[in-house]
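Structure file start-v5.cif; described as mmCIF, C-alpha atoms.
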```cif
data_my_file
#
loop_
_atom_site.group_PDB
_atom_site.id
_atom_site.type_symbol
_atom_site.label_atom_id
_atom_site.label_comp_id
_atom_site.auth_asym_id
_atom_site.auth_seq_id
_atom_site.Cartn_x
_atom_site.Cartn_y
_atom_site.Cartn_z
ATOM 1 C CA MET A 2 14.903 -10.808 -22.691
ATOM 2 C CA LEU A 3 16.043 -7.673 -20.848
ATOM 3 C CA LEU A 4 13.150 -5.672 -22.301
ATOM 4 C CA ARG A 5 10.692 -8.311 -21.056
ATOM 5 C CA ILE A 6 12.160 -8.140 -17.524
ATOM 6 C CA ILE A 7 11.884 -4.351 -17.598
ATOM 7 C CA GLN A 8 8.266 -4.555 -18.815
ATOM 8 C CA GLU A 9 7.318 -7.126 -16.156
ATOM 9 C CA SER A 10 8.966 -4.972 -13.466
ATOM 10 C CA PHE A 11 7.189 -1.863 -14.726
ATOM 11 C CA PHE A 12 3.869 -3.713 -14.639
ATOM 12 C CA ALA A 13 4.446 -4.894 -11.048
ATOM 13 C CA LEU A 14 5.240 -1.350 -9.935
ATOM 14 C CA TRP A 15 2.409 0.166 -11.976
ATOM 15 C CA PHE A 16 -0.257 -2.328 -10.950
ATOM 16 C CA PHE A 17 0.381 -1.988 -7.224
ATOM 17 C CA LEU A 18 0.876 1.793 -7.218
ATOM 18 C CA PRO A 19 -2.599 2.543 -5.752
ATOM 19 C CA ALA A 20 -1.839 0.331 -2.722
ATOM 20 C CA GLY A 21 1.620 1.850 -2.343
ATOM 21 C CA ILE A 22 0.166 5.365 -2.410
ATOM 22 C CA ALA A 23 -2.553 4.361 0.078
ATOM 23 C CA ASN A 24 0.113 2.967 2.403
ATOM 24 C CA MET A 25 2.060 6.268 2.350
ATOM 25 C CA MET A 26 -0.808 8.719 2.646
ATOM 26 C CA PRO A 27 -1.556 8.325 6.384
ATOM 27 C CA ILE A 28 1.951 9.667 7.155
ATOM 28 C CA PHE A 29 1.277 12.802 5.114
ATOM 29 C CA ALA A 30 -2.350 13.222 6.236
ATOM 30 C CA ALA A 31 -1.239 13.309 9.880
ATOM 31 C CA ARG A 32 0.744 16.453 9.077
ATOM 32 C CA TRP A 33 -1.958 18.332 7.135
ATOM 33 C CA PRO A 34 -3.314 21.098 9.360
ATOM 34 C CA VAL A 35 -6.928 20.541 8.340
ATOM 35 C CA LEU A 36 -6.740 16.814 9.223
ATOM 36 C CA LYS A 37 -4.116 16.822 11.964
ATOM 37 C CA ASN A 38 -6.596 16.529 14.842
ATOM 38 C CA TRP A 39 -8.864 13.972 13.146
ATOM 39 C CA GLU A 40 -7.264 11.009 14.909
ATOM 40 C CA PHE A 41 -10.131 8.627 15.629
ATOM 41 C CA PRO A 42 -8.558 5.160 16.040
ATOM 42 C CA MET A 43 -9.644 2.324 13.772
ATOM 43 C CA ASP A 44 -9.790 -0.002 16.781
ATOM 44 C CA PHE A 45 -12.107 2.394 18.693
ATOM 45 C CA GLY A 46 -9.616 2.231 21.584
ATOM 46 C CA LEU A 47 -10.407 -1.447 22.226
ATOM 47 C CA HIS A 48 -7.949 -3.765 23.934
ATOM 48 C CA PHE A 49 -7.206 -7.466 23.560
ATOM 49 C CA ARG A 50 -5.269 -9.269 26.280
ATOM 50 C CA GLY A 51 -4.463 -5.913 27.849
ATOM 51 C CA LYS A 52 -3.028 -4.358 24.669
ATOM 52 C CA ARG A 53 -4.556 -2.052 22.064
ATOM 53 C CA VAL A 54 -5.961 -3.971 19.123
ATOM 54 C CA PHE A 55 -4.215 -1.884 16.430
ATOM 55 C CA GLY A 56 -2.771 1.057 18.343
ATOM 56 C CA SER A 57 -3.253 4.788 18.134
ATOM 57 C CA HIS A 58 -1.362 5.195 14.832
ATOM 58 C CA LYS A 59 -4.027 3.330 12.843
ATOM 59 C CA THR A 60 -6.711 5.979 12.331
ATOM 60 C CA VAL A 61 -9.908 6.421 10.371
ATOM 61 C CA ARG A 62 -8.256 9.539 8.899
ATOM 62 C CA GLY A 63 -5.480 7.396 7.430
ATOM 63 C CA LEU A 64 -7.942 4.865 6.047
ATOM 64 C CA VAL A 65 -10.180 7.493 4.428
ATOM 65 C CA VAL A 66 -7.266 9.447 2.947
ATOM 66 C CA GLY A 67 -5.722 6.177 1.738
ATOM 67 C CA ILE A 68 -8.967 5.197 -0.001
ATOM 68 C CA ILE A 69 -9.294 8.604 -1.659
ATOM 69 C CA PHE A 70 -5.717 8.662 -2.948
ATOM 70 C CA ALA A 71 -5.691 4.997 -4.074
ATOM 71 C CA THR A 72 -8.888 5.624 -6.035
ATOM 72 C CA LEU A 73 -7.496 8.832 -7.531
ATOM 73 C CA THR A 74 -4.272 7.026 -8.473
ATOM 74 C CA LEU A 75 -6.170 4.184 -10.145
ATOM 75 C CA TRP A 76 -8.334 6.692 -12.027
ATOM 76 C CA LEU A 77 -5.200 8.475 -13.309
ATOM 77 C CA GLN A 78 -3.752 5.106 -14.320
ATOM 78 C CA GLN A 79 -6.952 4.338 -16.196
ATOM 79 C CA LEU A 80 -6.700 7.667 -18.032
ATOM 80 C CA ALA A 81 -3.058 6.982 -18.902
ATOM 81 C CA TYR A 82 -3.944 3.485 -20.123
ATOM 82 C CA GLU A 83 -6.645 4.868 -22.397
ATOM 83 C CA ASN A 84 -4.646 7.827 -23.734
ATOM 84 C CA ILE A 85 -0.937 6.936 -23.765
ATOM 85 C CA GLY A 86 -0.002 4.192 -26.218
ATOM 86 C CA TRP A 87 3.167 2.934 -24.560
ATOM 87 C CA VAL A 88 1.377 2.618 -21.200
ATOM 88 C CA THR A 89 -1.336 0.538 -22.862
ATOM 89 C CA ASP A 90 1.341 -1.736 -24.339
ATOM 90 C CA TRP A 91 3.393 -2.093 -21.153
ATOM 91 C CA VAL A 92 0.475 -2.934 -18.850
ATOM 92 C CA ALA A 93 -1.359 -5.144 -21.320
ATOM 93 C CA HIS A 94 -1.833 -7.830 -18.611
ATOM 94 C CA VAL A 95 -4.802 -5.835 -17.326
ATOM 95 C CA ASN A 96 -7.503 -4.015 -19.286
ATOM 96 C CA TYR A 97 -7.619 -0.828 -17.229
ATOM 97 C CA SER A 98 -10.561 0.480 -19.268
ATOM 98 C CA ALA A 99 -12.739 -2.312 -17.866
ATOM 99 C CA LEU A 100 -11.802 -1.748 -14.211
ATOM 100 C CA ASN A 101 -14.308 -0.198 -11.843
ATOM 101 C CA VAL A 102 -12.142 2.463 -10.207
ATOM 102 C CA PHE A 103 -14.639 2.989 -7.376
ATOM 103 C CA VAL A 104 -14.437 -0.683 -6.383
ATOM 104 C CA LEU A 105 -10.810 -1.580 -7.064
ATOM 105 C CA GLY A 106 -9.312 1.708 -5.782
ATOM 106 C CA PRO A 107 -10.835 1.311 -2.319
ATOM 107 C CA LEU A 108 -9.925 -2.395 -2.308
ATOM 108 C CA PHE A 109 -6.260 -1.549 -2.895
ATOM 109 C CA ALA A 110 -6.359 0.901 0.012
ATOM 110 C CA ILE A 111 -8.413 -1.209 2.393
ATOM 111 C CA GLY A 112 -6.262 -4.259 1.683
ATOM 112 C CA ALA A 113 -3.005 -2.366 2.172
ATOM 113 C CA LEU A 114 -4.091 -0.482 5.286
ATOM 114 C CA LEU A 115 -5.874 -3.422 6.910
ATOM 115 C CA GLY A 116 -2.844 -5.576 6.166
ATOM 116 C CA ASP A 117 -0.810 -2.994 8.068
ATOM 117 C CA ALA A 118 -3.370 -2.869 10.892
ATOM 118 C CA ILE A 119 -3.498 -6.659 11.248
ATOM 119 C CA LYS A 120 0.297 -6.743 11.392
ATOM 120 C CA SER A 121 0.096 -4.077 14.124
ATOM 121 C CA PHE A 122 -2.255 -6.323 16.093
ATOM 122 C CA PHE A 123 0.290 -9.133 16.088
ATOM 123 C CA LYS A 124 3.115 -6.681 16.701
ATOM 124 C CA ARG A 125 1.355 -5.486 19.880
ATOM 125 C CA GLN A 126 0.589 -9.024 20.999
ATOM 126 C CA VAL A 127 4.241 -10.104 20.805
ATOM 127 C CA GLY A 128 5.329 -6.978 22.680
ATOM 128 C CA VAL A 129 6.925 -4.856 19.955
ATOM 129 C CA PRO A 130 6.363 -1.216 21.014
ATOM 130 C CA PRO A 131 4.631 1.245 18.646
ATOM 131 C CA GLY A 132 7.120 2.876 16.305
ATOM 132 C CA GLU A 133 9.684 0.092 16.656
ATOM 133 C CA THR A 134 10.720 -1.829 13.572
ATOM 134 C CA TRP A 135 9.449 -5.365 13.120
ATOM 135 C CA PHE A 136 11.463 -6.497 10.113
ATOM 136 C CA PRO A 137 10.385 -7.852 7.610
ATOM 137 C CA PHE A 138 6.711 -7.734 8.583
ATOM 138 C CA ASP A 139 6.587 -3.925 8.519
ATOM 139 C CA GLN A 140 7.694 -4.060 4.875
ATOM 140 C CA VAL A 141 5.342 -6.748 3.519
ATOM 141 C CA ASP A 142 2.092 -6.242 5.455
ATOM 142 C CA TYR A 143 0.518 -3.781 3.026
ATOM 143 C CA ILE A 144 1.738 -5.740 0.004
ATOM 144 C CA ILE A 145 0.129 -8.979 1.108
ATOM 145 C CA GLY A 146 -3.055 -7.192 2.224
ATOM 146 C CA GLY A 147 -3.410 -5.290 -1.051
ATOM 147 C CA ALA A 148 -2.715 -8.391 -3.142
ATOM 148 C CA ILE A 149 -5.284 -10.462 -1.247
ATOM 149 C CA ALA A 150 -7.946 -7.733 -1.397
ATOM 150 C CA THR A 151 -7.643 -7.290 -5.173
ATOM 151 C CA TRP A 152 -6.955 -10.888 -6.201
ATOM 152 C CA ALA A 153 -10.599 -11.780 -6.929
ATOM 153 C CA PHE A 154 -10.984 -8.790 -9.266
ATOM 154 C CA VAL A 155 -7.592 -8.844 -10.995
ATOM 155 C CA PRO A 156 -5.848 -12.190 -10.481
ATOM 156 C CA LEU A 157 -2.203 -12.235 -11.479
ATOM 157 C CA SER A 158 0.134 -15.149 -12.052
ATOM 158 C CA PHE A 159 2.331 -16.501 -9.261
ATOM 159 C CA LYS A 160 5.363 -15.030 -11.043
ATOM 160 C CA GLN A 161 3.699 -11.597 -11.200
ATOM 161 C CA TYR A 162 2.834 -11.688 -7.485
ATOM 162 C CA ALA A 163 6.370 -12.801 -6.594
ATOM 163 C CA LEU A 164 7.883 -9.944 -8.613
ATOM 164 C CA LEU A 165 5.374 -7.482 -7.158
ATOM 165 C CA ILE A 166 6.250 -8.499 -3.585
ATOM 166 C CA PHE A 167 9.995 -8.411 -4.287
ATOM 167 C CA LEU A 168 9.989 -4.975 -5.962
ATOM 168 C CA TRP A 169 7.579 -3.308 -3.529
ATOM 169 C CA PHE A 170 9.501 -4.723 -0.556
ATOM 170 C CA PHE A 171 12.694 -3.024 -1.737
ATOM 171 C CA LEU A 172 10.862 0.106 -2.834
ATOM 172 C CA HIS A 173 9.404 0.299 0.690
ATOM 173 C CA LEU A 174 12.917 0.087 2.188
ATOM 174 C CA ILE A 175 14.080 2.915 -0.071
ATOM 175 C CA ALA A 176 11.009 5.073 0.654
ATOM 176 C CA THR A 177 11.378 4.532 4.400
ATOM 177 C CA THR A 178 15.028 5.541 4.247
ATOM 178 C CA VAL A 179 14.139 8.681 2.283
ATOM 179 C CA GLY A 180 11.371 9.402 4.801
ATOM 180 C CA TYR A 181 13.918 9.099 7.599
ATOM 181 C CA LEU A 182 16.429 11.371 5.842
ATOM 182 C CA THR A 183 13.734 14.009 5.229
ATOM 183 C CA GLY A 184 12.376 13.858 8.774
ATOM 184 C CA LEU A 185 9.051 12.197 7.970
ATOM 185 C CA LYS A 186 10.034 8.990 9.775
ATOM 186 C CA ASP A 187 11.824 8.519 13.093
ATOM 187 C CA LYS A 188 13.777 5.408 12.064
ATOM 188 C CA PRO A 189 15.543 4.436 8.829
ATOM 189 C CA ILE A 190 13.716 1.095 8.463
#
```
Here is the file; what I need is its structure written in the form of structure tokens.
Amino acid sequence: MLLRIIQESFFALWFFLPAGIANMMPIFAARWPVLKNWEFPMDFGLHFRGKRVFGSHKTVRGLVVGIIFATLTLWLQQLAYENIGWVTDWVAHVNYSALNVFVLGPLFAIGALLGDAIKSFFKRQVGVPPGETWFPFDQVDYIIGGAIATWAFVPLSFKQYALLIFLWFFLHLIATTVGYLTGLKDKPI
């Protein structure tokens, strides 16, 4: 029983890793000297009801870098699935060899980052300032977006989605705290 719980948890973490990586990459890309000034906003600077649609932190740079790294992550997962026996056994819910990395990788990223952007739209509309925490929406936006974007290609069971949301929610809290302690984030949550 315990082994099954560990395997199901591993699968939830493994399956959603491309979206998790895509969600983190905009923070790093903003600090890379070659990309630092490439800050074109995803909302083109448009306003709705007097407020920015997504805000200045949602950039094309972040979206493009997220797509690249989600696709690269999924490709590495596919290689691991095909070449490492225990990985093949532990993620047997999905045949990674049959996945089109160049479709599903971008979908993970677009879903995660658009989920975050849509949450930012609502965050602006209710008056939460940029950079302020909007708990728990800041922690689940990318998870829900990534799950919706990939559902048609790799549908999971309700139990798998519930475990995925639960684990990635808490992993996000831990990663945000580490980001705060290392100076990558301004706030601990």
Query raised in the report: Selected by the PyMOL selection byres ((chain A and resi 90-101) around 12) in the shown coordinates: which residues, as an NGL selection string?
Result: :A and (4-17 or 72 or 75-89 or 102-108 or 151 or 154-158 or 161)
Requested in this report: Can you give me, as a PyMOL selection string, the residues this file yields under the PyMOL selection byres ((chain A and resi 68) around 7)?
Outcome: chain A and resi 23+64-67+69-72+106-107+110-111
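Counting all atoms listed in the file and comparing A:Lys186, A:Arg50, A:His173, A:Lys160, the residue that lies closest to A:Arg32 is A:Lys186.
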Query raised in the report: Mind listing as a VMD selection string all residues within 10 Å of (3.3, 6.0, 4.1), counting all atoms listed in the file?
Result: chain A and resid 21 to 30 63 67 114 173 176 to 177 180 185 to 186
Requested in this report: Pull the neighbourhood of (8.6, -5.1, 13.2) for me: all residues within 12 Å in file coordinates, counting all atoms listed in the file, as a ChimeraX atom specification.
Outcome: /A:117,120-142,188,190
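Separating atom CA of A:Ala20 from atom CA of A:Thr74 is a distance of 9.2 Å.
Going from atom CA of A:Ile149 over to atom CA of A:Leu47, you cover 25.7 Å.
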Query raised in the report: Leaving out A:Gly46 and any residue of its chain fewer than 2 positions from it, which residues lie within 12 Å of it when counting all atoms listed in the file, given as an NGL selection string?
Result: :A and (40-44 or 48-49 or 51-61)
Requested in this report: Please provide the set of residues having any atom within 6 Å of A:Gly147, restricted to all atoms listed in the file, with same-chain residues fewer than 4 positions apart removed, written as an MDAnalysis selection string.
Outcome: chainID A and resid 109 112:113 143
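Computed from the coordinates, the atom CA of A:Ala150 to atom CA of A:Trp39 distance equals 26.1 Å.
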